[in-house]
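J.: Quick one: the structure is below, and I'll ask about it shortly.
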Amino acid sequence: MTDFDKIIDRRGTGSLKWDRYKDADIIPMWVADMDFQAPEPVRQALQKRIEHGVYGYSVPTEKLNQTVVNRLKRLHDWRVEPPWIVWLPGLVVGLDIVSRYVREDEELITFVPAYPPFLDAPAYANRKLITVPLLFENGRYSFDLKGFEKSISSQTRLFILCNPHNPAGRVFDRDELEAVANICLKNDIIICSDEIHCELILCDKKHIPVATLNKKIQDRTITLMSPAKTFNLAGLNCGFAVIPNRSIRKQFIHIMRGIAPPGINALGFAACQAAYSECEQWRSSLLKYLAENKKVVYDFVNNQIPLLSMADVEATYLAWIDARRLNVAEPTAFFESCGVGLSDGRDFGAEGFVRLNFGCPRKILLKGLERMRSAVIKSIASPG
């Protein structure tokens with residue numbers, strides 16, 4: 001089993017997360033990958049594949065497709081057919097594809113704050129994106145259904161959903177998902193649901209894939225999934241879309257041919273197979289560790305660091321922190337100056353917020369939080 005308290009030195013490994021601050025005493029707690037080693041069965045599977053010595057173009061095996069089918073049935077009671085699965089070199093590619101699924105004179109719509117590629121992919125595709133702010137009431141984020149429906153026009157073609165939500169950390173309830181999905185059905189809008197964090201539930205709720213709500217919704221939904229977040233495999237670039245509707249799937253694949261290579265990383269396939277078939281005990285231990293880390297962050301932010309606040313994190317390993325009361329022009333720069341690198345809320349469509357990644361050894365997490373507390377208290381004592 002992985003020792004989640006073990007500190008792995010990632011400097012000098014080409015790590016996007018750590019190389020941003022390689023020449024500074026700044027703890028990187030920004031981009032969403034964890035500082036834990038991947039499960040041992042994954043590492044063994046990769047070693048075995050490497051020792052084979054031939055790394056030609058690769059396709060998913062029947063065994064891998066069936067492993068995905070079996071997993072979705074077991075975890076989510078979702079009956080998926082193997083032909084519905086379209087393999088991708090990561091979910092951002094999936095967002096690039098669905099952004100081009102709509103015509104140039106049509107629109108996409110999503111809620112903000114949003115995972116930055118939700119905002120970037122339509123822009124790269126020269127498509128218009130409509131954004132609707134999430135509601136924040138009684139300490140939790142939820143859909144603004146009235147605002148959503150009001151923002152829809154005759155040109156709105158596709159809704160991009162994050163479920164569970166990054167960065168808000170929500171595990172949406174069935175009635176919430178049904179309400180927003182039914183609005184999409186009424187307006188002939190296709191749903192693209194990014195569910196990459198669906199196996200990182202940190203509360204007693206159960207993830208509900210949008211496509212499982214009913215047959216009509218399933219027939220209008222593209223679901224994006226990957227083992228990357230759960231098993232810390234982001235660098236292996238392996239994900240997939242589940243598209244039950246044959247016509248939508250055919251068009252998705254057609255667009256994909258102009259964006260992504262026809263083959264996926266051979267090591268990514270090997271890692272996915274091992275993660276989905278041999279690593280449930282590891283995932284269970286990870287969730288317990290992340291749940292404890294979440295409690296630490298929640299207590300620090302809401303009770304020990306003045307002027308900051310956050311909602312509970314029901315899923316993911318990402319805390320969405322409201323820093324607007326700090327009254328500083330750039331909260332991210334403020335915290336970098338005290339030695340903590342966070343994600344900038346502006347990239348998510350929410351100025352004044354920061355996102356903190358607590359998928360790291362607790363010793364590092366506590367060190368980062370202490371730095372943040374000291375900086376805020378010092379700022380209050382010496383304004384300006």
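Labeling convention for the structure tokens: chains A, B, ... as they appear, residues from 1 per chain, ligands from 1 in order of appearance.
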Between range 38-140 of chain A and range 273-277 of chain A, at 8 Å or less, what are the per-residue closest atom pairs and their distances in Å? Count only C-alpha atoms, order by chain and rising residue number, and return it as a tab-separated table.
T.:
```
residue	atom	partner	partner_atom	distance
A:Pro39	CA	A:Ala275	CA	7.5
A:Pro41	CA	A:Ala274	CA	6.1
A:Val42	CA	A:Ala274	CA	5.2
A:Ala45	CA	A:Ala274	CA	6.5
A:Leu64	CA	A:Gln273	CA	5.8
A:Thr67	CA	A:Ser277	CA	6.9
A:Val68	CA	A:Tyr276	CA	7.3
A:Arg71	CA	A:Tyr276	CA	7.1
```
J.: I want to know what sits within 6 Å of range 106-110 of chain A, based on only C-alpha atoms, with residues of the same chain fewer than 4 positions away left out; could you give that as a list in words?
T.: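 My reading of the contact set: Val102, Lys128, Leu129, Ile130, Thr131, Gln155, Thr156, Arg157, Leu158, Phe159 and Ile160 of chain A.
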J.: Kindly export the residues of the current selection with N, CA and C atoms, as a PDB file, in the first residue's frame.
T.:
```pdb
ATOM      1  N   VAL A 102     -20.638  21.775 -32.052  1.00  0.00           N
ATOM      2  CA  VAL A 102     -21.605  22.804 -32.430  1.00  0.00           C
ATOM      3  C   VAL A 102     -21.057  23.603 -33.607  1.00  0.00           C
ATOM      4  N   LYS A 128     -19.072  30.511 -29.428  1.00  0.00           N
ATOM      5  CA  LYS A 128     -19.563  31.384 -28.381  1.00  0.00           C
ATOM      6  C   LYS A 128     -19.959  30.575 -27.158  1.00  0.00           C
ATOM      7  N   LEU A 129     -19.485  31.010 -25.991  1.00  0.00           N
ATOM      8  CA  LEU A 129     -19.805  30.342 -24.735  1.00  0.00           C
ATOM      9  C   LEU A 129     -20.629  31.273 -23.851  1.00  0.00           C
ATOM     10  N   ILE A 130     -21.751  30.768 -23.363  1.00  0.00           N
ATOM     11  CA  ILE A 130     -22.580  31.489 -22.404  1.00  0.00           C
ATOM     12  C   ILE A 130     -22.268  30.943 -21.011  1.00  0.00           C
ATOM     13  N   THR A 131     -22.012  31.815 -20.052  1.00  0.00           N
ATOM     14  CA  THR A 131     -21.721  31.367 -18.682  1.00  0.00           C
ATOM     15  C   THR A 131     -22.812  31.840 -17.735  1.00  0.00           C
ATOM     16  N   GLN A 155     -29.995  29.410 -30.351  1.00  0.00           N
ATOM     17  CA  GLN A 155     -28.709  28.969 -30.895  1.00  0.00           C
ATOM     18  C   GLN A 155     -27.929  28.091 -29.914  1.00  0.00           C
ATOM     19  N   THR A 156     -28.434  27.934 -28.693  1.00  0.00           N
ATOM     20  CA  THR A 156     -27.721  27.145 -27.686  1.00  0.00           C
ATOM     21  C   THR A 156     -27.851  25.664 -28.016  1.00  0.00           C
ATOM     22  N   ARG A 157     -26.720  25.027 -28.205  1.00  0.00           N
ATOM     23  CA  ARG A 157     -26.707  23.656 -28.727  1.00  0.00           C
ATOM     24  C   ARG A 157     -26.165  22.628 -27.745  1.00  0.00           C
ATOM     25  N   LEU A 158     -25.237  23.060 -26.855  1.00  0.00           N
ATOM     26  CA  LEU A 158     -24.551  22.089 -26.001  1.00  0.00           C
ATOM     27  C   LEU A 158     -24.269  22.677 -24.625  1.00  0.00           C
ATOM     28  N   PHE A 159     -24.517  21.879 -23.594  1.00  0.00           N
ATOM     29  CA  PHE A 159     -24.278  22.243 -22.202  1.00  0.00           C
ATOM     30  C   PHE A 159     -23.102  21.429 -21.680  1.00  0.00           C
ATOM     31  N   ILE A 160     -22.081  22.112 -21.145  1.00  0.00           N
ATOM     32  CA  ILE A 160     -20.931  21.426 -20.549  1.00  0.00           C
ATOM     33  C   ILE A 160     -21.094  21.450 -19.032  1.00  0.00           C
TER      34      ILE A 160
END
```
J.: Pick the closest to Thr221 in chain A from A:Phe136, A:Tyr289, A:Phe269, A:Phe252: which is it, counting only C-alpha atoms?
T.: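 Of A:Phe136, A:Tyr289, A:Phe269, A:Phe252, the one nearest Thr221 in chain A is A:Phe252, counting only C-alpha atoms.
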J.: What does the structure give for the distance between CA of Met225 in chain A and CA of Ile321 in chain A, in Å to one decimal?
T.: 25.8 Å
J.: Pick out the residues sitting within 10 Å of Glu351 in chain A, and hand them over as a list of chain:residue names; count only C-alpha atoms, and ignore anything fewer than 5 positions along from it in its own chain.
T.: A:Pro113, A:Asp322, A:Ala323, A:Arg324, A:Ala329, A:Glu330, A:Pro331, A:Asp344, A:Gly345, A:Arg346
J.: Would you list the contacts of range 170-172 of chain A as an MDAnalysis selection string, taking every protein, DNA or RNA residue within 10 Å and counting only C-alpha atoms, but skipping same-chain residues closer than 6 positions in sequence?
T.: chainID A and resid 140:143 162:164 178 197:198 200:203 205:210 311:316
J.: Would you mind exporting N, CA and C atoms of the selected residues as an mmCIF file, in the first residue's frame?
T.:
```
data_model
loop_
_atom_site.group_PDB
_atom_site.id
_atom_site.type_symbol
_atom_site.label_atom_id
_atom_site.label_comp_id
_atom_site.auth_asym_id
_atom_site.auth_seq_id
_atom_site.Cartn_x
_atom_site.Cartn_y
_atom_site.Cartn_z
ATOM 1 N N ARG A 140 -23.479 26.419 0.385
ATOM 2 C CA ARG A 140 -23.210 25.429 -0.661
ATOM 3 C C ARG A 140 -23.578 25.989 -2.030
ATOM 4 N N TYR A 141 -22.902 25.457 -3.043
ATOM 5 C CA TYR A 141 -23.135 25.863 -4.416
ATOM 6 C C TYR A 141 -24.219 24.988 -5.040
ATOM 7 N N SER A 142 -25.016 25.599 -5.933
ATOM 8 C CA SER A 142 -26.057 24.853 -6.633
ATOM 9 C C SER A 142 -26.338 25.522 -7.971
ATOM 10 N N PHE A 143 -27.105 24.845 -8.812
ATOM 11 C CA PHE A 143 -27.447 25.395 -10.121
ATOM 12 C C PHE A 143 -28.443 26.543 -9.977
ATOM 13 N N CYS A 162 -19.838 19.869 -15.150
ATOM 14 C CA CYS A 162 -18.787 19.208 -14.367
ATOM 15 C C CYS A 162 -19.469 18.526 -13.184
ATOM 16 N N ASN A 163 -19.408 17.196 -13.134
ATOM 17 C CA ASN A 163 -20.167 16.409 -12.162
ATOM 18 C C ASN A 163 -19.366 15.168 -11.735
ATOM 19 N N PRO A 164 -18.796 15.188 -10.490
ATOM 20 C CA PRO A 164 -18.797 16.211 -9.453
ATOM 21 C C PRO A 164 -18.080 17.487 -9.918
ATOM 22 N N GLU A 178 -31.580 16.143 -12.545
ATOM 23 C CA GLU A 178 -32.783 15.977 -13.364
ATOM 24 C C GLU A 178 -33.331 17.322 -13.821
ATOM 25 N N HIS A 197 -13.941 13.263 -11.770
ATOM 26 C CA HIS A 197 -13.757 13.161 -10.314
ATOM 27 C C HIS A 197 -14.785 12.244 -9.653
ATOM 28 N N CYS A 198 -15.482 11.422 -10.442
ATOM 29 C CA CYS A 198 -16.605 10.660 -9.898
ATOM 30 C C CYS A 198 -16.208 9.579 -8.904
ATOM 31 N N LEU A 200 -13.908 10.104 -6.569
ATOM 32 C CA LEU A 200 -13.266 10.812 -5.458
ATOM 33 C C LEU A 200 -14.316 11.483 -4.582
ATOM 34 N N ILE A 201 -15.307 10.700 -4.144
ATOM 35 C CA ILE A 201 -16.376 11.210 -3.295
ATOM 36 C C ILE A 201 -15.912 11.142 -1.838
ATOM 37 N N LEU A 202 -15.951 12.296 -1.156
ATOM 38 C CA LEU A 202 -15.426 12.392 0.216
ATOM 39 C C LEU A 202 -16.522 12.516 1.266
ATOM 40 N N CYS A 203 -17.750 12.225 0.885
ATOM 41 C CA CYS A 203 -18.864 12.298 1.826
ATOM 42 C C CYS A 203 -19.708 11.041 1.663
ATOM 43 N N LYS A 205 -22.461 10.700 0.097
ATOM 44 C CA LYS A 205 -23.290 10.713 -1.090
ATOM 45 C C LYS A 205 -22.782 9.704 -2.126
ATOM 46 N N LYS A 206 -23.604 9.463 -3.129
ATOM 47 C CA LYS A 206 -23.240 8.558 -4.220
ATOM 48 C C LYS A 206 -23.236 9.348 -5.521
ATOM 49 N N HIS A 207 -22.205 9.132 -6.330
ATOM 50 C CA HIS A 207 -22.158 9.799 -7.632
ATOM 51 C C HIS A 207 -23.242 9.258 -8.547
ATOM 52 N N ILE A 208 -23.918 10.176 -9.239
ATOM 53 C CA ILE A 208 -24.957 9.803 -10.187
ATOM 54 C C ILE A 208 -24.546 10.277 -11.579
ATOM 55 N N PRO A 209 -24.134 9.380 -12.457
ATOM 56 C CA PRO A 209 -23.852 9.806 -13.830
ATOM 57 C C PRO A 209 -25.110 10.398 -14.460
ATOM 58 N N VAL A 210 -24.958 11.522 -15.137
ATOM 59 C CA VAL A 210 -26.113 12.171 -15.754
ATOM 60 C C VAL A 210 -26.826 11.212 -16.708
ATOM 61 N N ALA A 311 -16.605 26.495 1.239
ATOM 62 C CA ALA A 311 -17.684 25.539 1.447
ATOM 63 C C ALA A 311 -17.092 24.152 1.655
ATOM 64 N N ASP A 312 -17.916 23.246 2.139
ATOM 65 C CA ASP A 312 -17.471 21.869 2.298
ATOM 66 C C ASP A 312 -17.126 21.277 0.935
ATOM 67 N N VAL A 313 -16.147 20.393 0.921
ATOM 68 C CA VAL A 313 -15.743 19.707 -0.305
ATOM 69 C C VAL A 313 -16.334 18.300 -0.254
ATOM 70 N N GLU A 314 -17.347 18.069 -1.082
ATOM 71 C CA GLU A 314 -17.999 16.760 -1.101
ATOM 72 C C GLU A 314 -17.249 15.763 -1.980
ATOM 73 N N ALA A 315 -16.491 16.273 -2.931
ATOM 74 C CA ALA A 315 -15.718 15.419 -3.841
ATOM 75 C C ALA A 315 -14.549 16.220 -4.384
ATOM 76 N N THR A 316 -13.599 15.520 -4.972
ATOM 77 C CA THR A 316 -12.321 16.039 -5.487
ATOM 78 C C THR A 316 -11.333 16.202 -4.334
#
```
J.: Produce a table with one row for each residue of range 207-229 of chain A that has an atom at most 10 Å from any atom of range 184-188 of chain A, each row naming the nearest atom pair and its distance in Å at one decimal; use only C-alpha atoms; arrange rows by chain and rising residue number; format as a Markdown table.
T.:
```
| residue | atom | partner | partner_atom | distance |
| --- | --- | --- | --- | --- |
| A:Lys216 | CA | A:Leu185 | CA | 8.0 |
| A:Ile217 | CA | A:Leu185 | CA | 7.1 |
| A:Arg220 | CA | A:Leu185 | CA | 7.9 |
```
J.: How about saving the chosen residues, N, CA and C atoms kept, as a PDB file, in the first residue's frame?
T.:
```
ATOM      1  N   LYS A 216     -34.009   8.984 -22.199  1.00  0.00           N
ATOM      2  CA  LYS A 216     -33.969  10.160 -23.067  1.00  0.00           C
ATOM      3  C   LYS A 216     -32.730  10.997 -22.799  1.00  0.00           C
ATOM      4  N   ILE A 217     -32.395  11.174 -21.520  1.00  0.00           N
ATOM      5  CA  ILE A 217     -31.201  11.954 -21.171  1.00  0.00           C
ATOM      6  C   ILE A 217     -29.941  11.215 -21.607  1.00  0.00           C
ATOM      7  N   ARG A 220     -28.904  11.762 -25.084  1.00  0.00           N
ATOM      8  CA  ARG A 220     -28.456  13.112 -25.438  1.00  0.00           C
ATOM      9  C   ARG A 220     -27.205  13.508 -24.667  1.00  0.00           C
TER      10      ARG A 220
END
```
J.: Using only C-alpha atoms, find the one residue out of A:Ala350, A:Leu213, A:Ala228, A:Leu88 that sits nearest to Val132 in chain A.
T.: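 For Val132 in chain A, the nearest of the candidates is A:Ala350.
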J.: Please, what distance in Å, to one decimal, runs between CA of Gly90 in chain A and CA of Asp194 in chain A?
T.: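 Taking CA of Gly90 in chain A and CA of Asp194 in chain A, their separation equals 11.3 Å.
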J.: My list of candidates is A:Met310, A:Ala381, A:Leu267, A:Ala319. Which is closest to Ser343 in chain A when distances are computed with only C-alpha atoms?
T.: A:Ala319
J.: Go through A:Ala375, A:Leu342, A:Ile50, A:Leu369 one by one, measure the shortest atom-to-atom distance of each to Gly268 in chain A using only C-alpha atoms, and give the residue with the smallest value.
T.: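 Result for the nearest residue to Gly268 in chain A: A:Ile50.
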J.: Please identify all polymer residues within 10 Å of Tyr55 in chain A, counting only C-alpha atoms, omitting same-chain residues fewer than 2 positions from it, and present them as a list of chain:residue names.
T.: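 The residues that qualify are A:Arg49, A:Ile50, A:His52, A:Gly53, A:Tyr57, A:Ser58, A:Asn265, A:Ala266, A:Leu267.
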J.: Please dump the current selection as a CSV table (one decimal), in the first residue's frame; keep C-alpha atoms.
T.:
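Contents of result.csv, as written:
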```csv
chain,number,residue,atom,x,y,z
A,49,ARG,CA,4.7,-3.3,-20.4
A,50,ILE,CA,8.0,-1.5,-20.6
A,52,HIS,CA,8.0,-6.1,-23.4
A,53,GLY,CA,10.1,-3.6,-25.4
A,57,TYR,CA,0.6,1.9,-32.1
A,58,SER,CA,-1.9,0.7,-29.6
A,265,ASN,CA,-0.5,5.9,-25.2
A,266,ALA,CA,0.2,2.2,-24.8
A,267,LEU,CA,1.4,2.8,-21.2
```
J.: Enumerate as number ranges by chain all residues of range 5-188 of chain A assigned to strand (DSSP E or B) by DSSP on the backbone, naming them with the chain letters and numbers the document uses.
T.: A: 27-28, 85-88, 107-112, 128-133, 135-137, 140-142, 156-162
J.: Write a file of the selected residues as a PDB file, in the first residue's frame, keeping N, CA and C atoms.
T.:
```
ATOM      1  N   ILE A  27       5.491  26.372  -2.134  1.00  0.00           N
ATOM      2  CA  ILE A  27       4.879  25.047  -2.157  1.00  0.00           C
ATOM      3  C   ILE A  27       3.791  25.040  -3.226  1.00  0.00           C
ATOM      4  N   PRO A  28       3.900  24.208  -4.267  1.00  0.00           N
ATOM      5  CA  PRO A  28       2.884  24.202  -5.327  1.00  0.00           C
ATOM      6  C   PRO A  28       1.641  23.424  -4.902  1.00  0.00           C
ATOM      7  N   ILE A  85     -17.903   3.230 -26.009  1.00  0.00           N
ATOM      8  CA  ILE A  85     -16.688   3.808 -25.436  1.00  0.00           C
ATOM      9  C   ILE A  85     -15.769   4.320 -26.547  1.00  0.00           C
ATOM     10  N   VAL A  86     -15.389   5.589 -26.435  1.00  0.00           N
ATOM     11  CA  VAL A  86     -14.443   6.197 -27.380  1.00  0.00           C
ATOM     12  C   VAL A  86     -13.234   6.646 -26.569  1.00  0.00           C
ATOM     13  N   TRP A  87     -12.080   6.071 -26.829  1.00  0.00           N
ATOM     14  CA  TRP A  87     -10.880   6.374 -26.050  1.00  0.00           C
ATOM     15  C   TRP A  87     -10.256   7.691 -26.487  1.00  0.00           C
ATOM     16  N   LEU A  88      -9.731   8.426 -25.516  1.00  0.00           N
ATOM     17  CA  LEU A  88      -9.200   9.767 -25.745  1.00  0.00           C
ATOM     18  C   LEU A  88      -7.846   9.932 -25.065  1.00  0.00           C
ATOM     19  N   GLU A 107     -24.125  28.047 -29.965  1.00  0.00           N
ATOM     20  CA  GLU A 107     -23.561  28.411 -28.671  1.00  0.00           C
ATOM     21  C   GLU A 107     -23.412  27.192 -27.767  1.00  0.00           C
ATOM     22  N   LEU A 108     -22.465  27.312 -26.832  1.00  0.00           N
ATOM     23  CA  LEU A 108     -22.336  26.383 -25.723  1.00  0.00           C
ATOM     24  C   LEU A 108     -22.691  27.138 -24.450  1.00  0.00           C
ATOM     25  N   ILE A 109     -23.041  26.399 -23.391  1.00  0.00           N
ATOM     26  CA  ILE A 109     -23.385  27.033 -22.134  1.00  0.00           C
ATOM     27  C   ILE A 109     -22.810  26.218 -20.984  1.00  0.00           C
ATOM     28  N   THR A 110     -22.363  26.893 -19.927  1.00  0.00           N
ATOM     29  CA  THR A 110     -21.847  26.211 -18.745  1.00  0.00           C
ATOM     30  C   THR A 110     -22.020  27.096 -17.531  1.00  0.00           C
ATOM     31  N   PHE A 111     -21.823  26.519 -16.358  1.00  0.00           N
ATOM     32  CA  PHE A 111     -21.868  27.266 -15.110  1.00  0.00           C
ATOM     33  C   PHE A 111     -20.461  27.667 -14.703  1.00  0.00           C
ATOM     34  N   VAL A 112     -20.344  28.817 -14.051  1.00  0.00           N
ATOM     35  CA  VAL A 112     -19.071  29.268 -13.488  1.00  0.00           C
ATOM     36  C   VAL A 112     -19.234  29.474 -11.983  1.00  0.00           C
ATOM     37  N   LYS A 128     -19.072  30.511 -29.428  1.00  0.00           N
ATOM     38  CA  LYS A 128     -19.563  31.384 -28.381  1.00  0.00           C
ATOM     39  C   LYS A 128     -19.959  30.575 -27.158  1.00  0.00           C
ATOM     40  N   LEU A 129     -19.485  31.010 -25.991  1.00  0.00           N
ATOM     41  CA  LEU A 129     -19.805  30.342 -24.735  1.00  0.00           C
ATOM     42  C   LEU A 129     -20.629  31.273 -23.851  1.00  0.00           C
ATOM     43  N   ILE A 130     -21.751  30.768 -23.363  1.00  0.00           N
ATOM     44  CA  ILE A 130     -22.580  31.489 -22.404  1.00  0.00           C
ATOM     45  C   ILE A 130     -22.268  30.943 -21.011  1.00  0.00           C
ATOM     46  N   THR A 131     -22.012  31.815 -20.052  1.00  0.00           N
ATOM     47  CA  THR A 131     -21.721  31.367 -18.682  1.00  0.00           C
ATOM     48  C   THR A 131     -22.812  31.840 -17.735  1.00  0.00           C
ATOM     49  N   VAL A 132     -23.161  30.970 -16.800  1.00  0.00           N
ATOM     50  CA  VAL A 132     -24.181  31.253 -15.789  1.00  0.00           C
ATOM     51  C   VAL A 132     -23.550  31.006 -14.419  1.00  0.00           C
ATOM     52  N   PRO A 133     -23.544  32.006 -13.515  1.00  0.00           N
ATOM     53  CA  PRO A 133     -22.953  31.784 -12.194  1.00  0.00           C
ATOM     54  C   PRO A 133     -23.735  30.754 -11.383  1.00  0.00           C
ATOM     55  N   LEU A 135     -25.277  29.369  -7.986  1.00  0.00           N
ATOM     56  CA  LEU A 135     -25.803  30.015  -6.783  1.00  0.00           C
ATOM     57  C   LEU A 135     -24.971  29.582  -5.580  1.00  0.00           C
ATOM     58  N   PHE A 136     -24.795  30.477  -4.621  1.00  0.00           N
ATOM     59  CA  PHE A 136     -24.160  30.101  -3.353  1.00  0.00           C
ATOM     60  C   PHE A 136     -25.103  30.519  -2.236  1.00  0.00           C
ATOM     61  N   GLU A 137     -25.772  29.536  -1.655  1.00  0.00           N
ATOM     62  CA  GLU A 137     -26.753  29.786  -0.606  1.00  0.00           C
ATOM     63  C   GLU A 137     -26.589  28.775   0.514  1.00  0.00           C
ATOM     64  N   ARG A 140     -23.479  26.419   0.385  1.00  0.00           N
ATOM     65  CA  ARG A 140     -23.210  25.429  -0.661  1.00  0.00           C
ATOM     66  C   ARG A 140     -23.578  25.989  -2.030  1.00  0.00           C
ATOM     67  N   TYR A 141     -22.902  25.457  -3.043  1.00  0.00           N
ATOM     68  CA  TYR A 141     -23.135  25.863  -4.416  1.00  0.00           C
ATOM     69  C   TYR A 141     -24.219  24.988  -5.040  1.00  0.00           C
ATOM     70  N   SER A 142     -25.016  25.599  -5.933  1.00  0.00           N
ATOM     71  CA  SER A 142     -26.057  24.853  -6.633  1.00  0.00           C
ATOM     72  C   SER A 142     -26.338  25.522  -7.971  1.00  0.00           C
ATOM     73  N   THR A 156     -28.434  27.934 -28.693  1.00  0.00           N
ATOM     74  CA  THR A 156     -27.721  27.145 -27.686  1.00  0.00           C
ATOM     75  C   THR A 156     -27.851  25.664 -28.016  1.00  0.00           C
ATOM     76  N   ARG A 157     -26.720  25.027 -28.205  1.00  0.00           N
ATOM     77  CA  ARG A 157     -26.707  23.656 -28.727  1.00  0.00           C
ATOM     78  C   ARG A 157     -26.165  22.628 -27.745  1.00  0.00           C
ATOM     79  N   LEU A 158     -25.237  23.060 -26.855  1.00  0.00           N
ATOM     80  CA  LEU A 158     -24.551  22.089 -26.001  1.00  0.00           C
ATOM     81  C   LEU A 158     -24.269  22.677 -24.625  1.00  0.00           C
ATOM     82  N   PHE A 159     -24.517  21.879 -23.594  1.00  0.00           N
ATOM     83  CA  PHE A 159     -24.278  22.243 -22.202  1.00  0.00           C
ATOM     84  C   PHE A 159     -23.102  21.429 -21.680  1.00  0.00           C
ATOM     85  N   ILE A 160     -22.081  22.112 -21.145  1.00  0.00           N
ATOM     86  CA  ILE A 160     -20.931  21.426 -20.549  1.00  0.00           C
ATOM     87  C   ILE A 160     -21.094  21.450 -19.032  1.00  0.00           C
ATOM     88  N   LEU A 161     -21.145  20.278 -18.442  1.00  0.00           N
ATOM     89  CA  LEU A 161     -21.363  20.110 -17.003  1.00  0.00           C
ATOM     90  C   LEU A 161     -20.142  19.466 -16.362  1.00  0.00           C
ATOM     91  N   CYS A 162     -19.838  19.869 -15.150  1.00  0.00           N
ATOM     92  CA  CYS A 162     -18.787  19.208 -14.367  1.00  0.00           C
ATOM     93  C   CYS A 162     -19.469  18.526 -13.184  1.00  0.00           C
TER      94      CYS A 162
END
```
J.: Could you please determine the separation between CA of Val80 in chain A and CA of Cys272 in chain A in Å, to one decimal place?
T.: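 These atoms are spaced 17.5 Å apart.
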J.: Quick check for you: according to DSSP on this backbone, which residues of range 205-303 of chain A are classed as helix (DSSP H, G or I)? Reply as number ranges by chain.
T.: A: 210-212, 215-218, 228-231, 234-236, 246-256, 266-278, 280-303
J.: When you count only C-alpha atoms, which of these residues is closest to Leu75 in chain A: A:Gln218, A:Asn245, A:Glu199, A:Ile305?
T.: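 Among the listed residues, A:Glu199 lies closest to Leu75 in chain A.
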J.: Which one is closest to Ile264 in chain A: A:Tyr317, A:Glu81, A:Lys378, A:Val93? Count only C-alpha atoms.
T.: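 Among the listed residues, A:Val93 lies closest to Ile264 in chain A.
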